[in-house]
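Asker: I have a structure I would like to understand better, so I am pasting it below and will then ask my questions one at a time.
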Amino acid sequence: MPLATSPISIRSAYPDDADALRRLAALDSAPLPEAPVLVADLGGELHAALSLSDGAVVADPFAPTADLVVLLEVQAAQLRQPRRRRSRGRGAMRAAVAVWRGLTAQDRAAEIGPAHRTPQEPPLSLALHGLMRAH
């Protein structure tokens with residue numbers, strides 16, 4: 001399902017997402033992410049999830065999810081940012097680090113081979129909106 005045509009929702013996992021999270025973890029051959037969890041809902045289906053407690057990520061290995069993981073990391077960085085005004089720079093820095101991690105993860109996947117490349121825009125274009133909101 002192309003990212004450009006499907007609605008993307010980055011949100012906290014609901015209790016009724018438990019089965020979908022278990023399925024996602026099984027697909028990724030990874031343990032279930034520890035609560036609280038952010039999920040990337042793409043067209044009504046979960047494609048990636050990130051644990052806010054330890055940063056563990058599970059994602060559908062059969063779908064292009066690199067951009068979704070970057071969006072989850074940016075949202076997690078924004079949620080961790082304190083509400084006090086003088087700390088805004090650190091929150092933006094955490095969001096930038098999340099974007100950098102996503103970019104380097106995509107670069108590593110690109111080095112592995114063309115099967116792991118995604119035809120979408122680079123994650124930076126998706127994450128810039130989140131960074132703009134942080135300021």
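Chain identifiers are assigned as A, B, and so on, following the order in which chains appear in the structure tokens; residues are numbered from 1 within each chain, and ligands are numbered from 1 in order of appearance.
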Would you kindly return, as a PyMOL selection string, each protein, DNA or RNA residue with an atom no farther than 12 Å from any atom of stretch 53-59 of chain A, considering only C-alpha atoms and excluding same-chain residues fewer than 6 positions away?
Answerer: chain A and resi 20-42+45-47+65-77+79-80+98+102
Asker: State, in Å with one decimal place, the distance from atom CA of A:Asp19 to atom CA of A:Arg101.
Answerer: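 Interatomic distance, atom CA of A:Asp19 to atom CA of A:Arg101: 28.3 Å.
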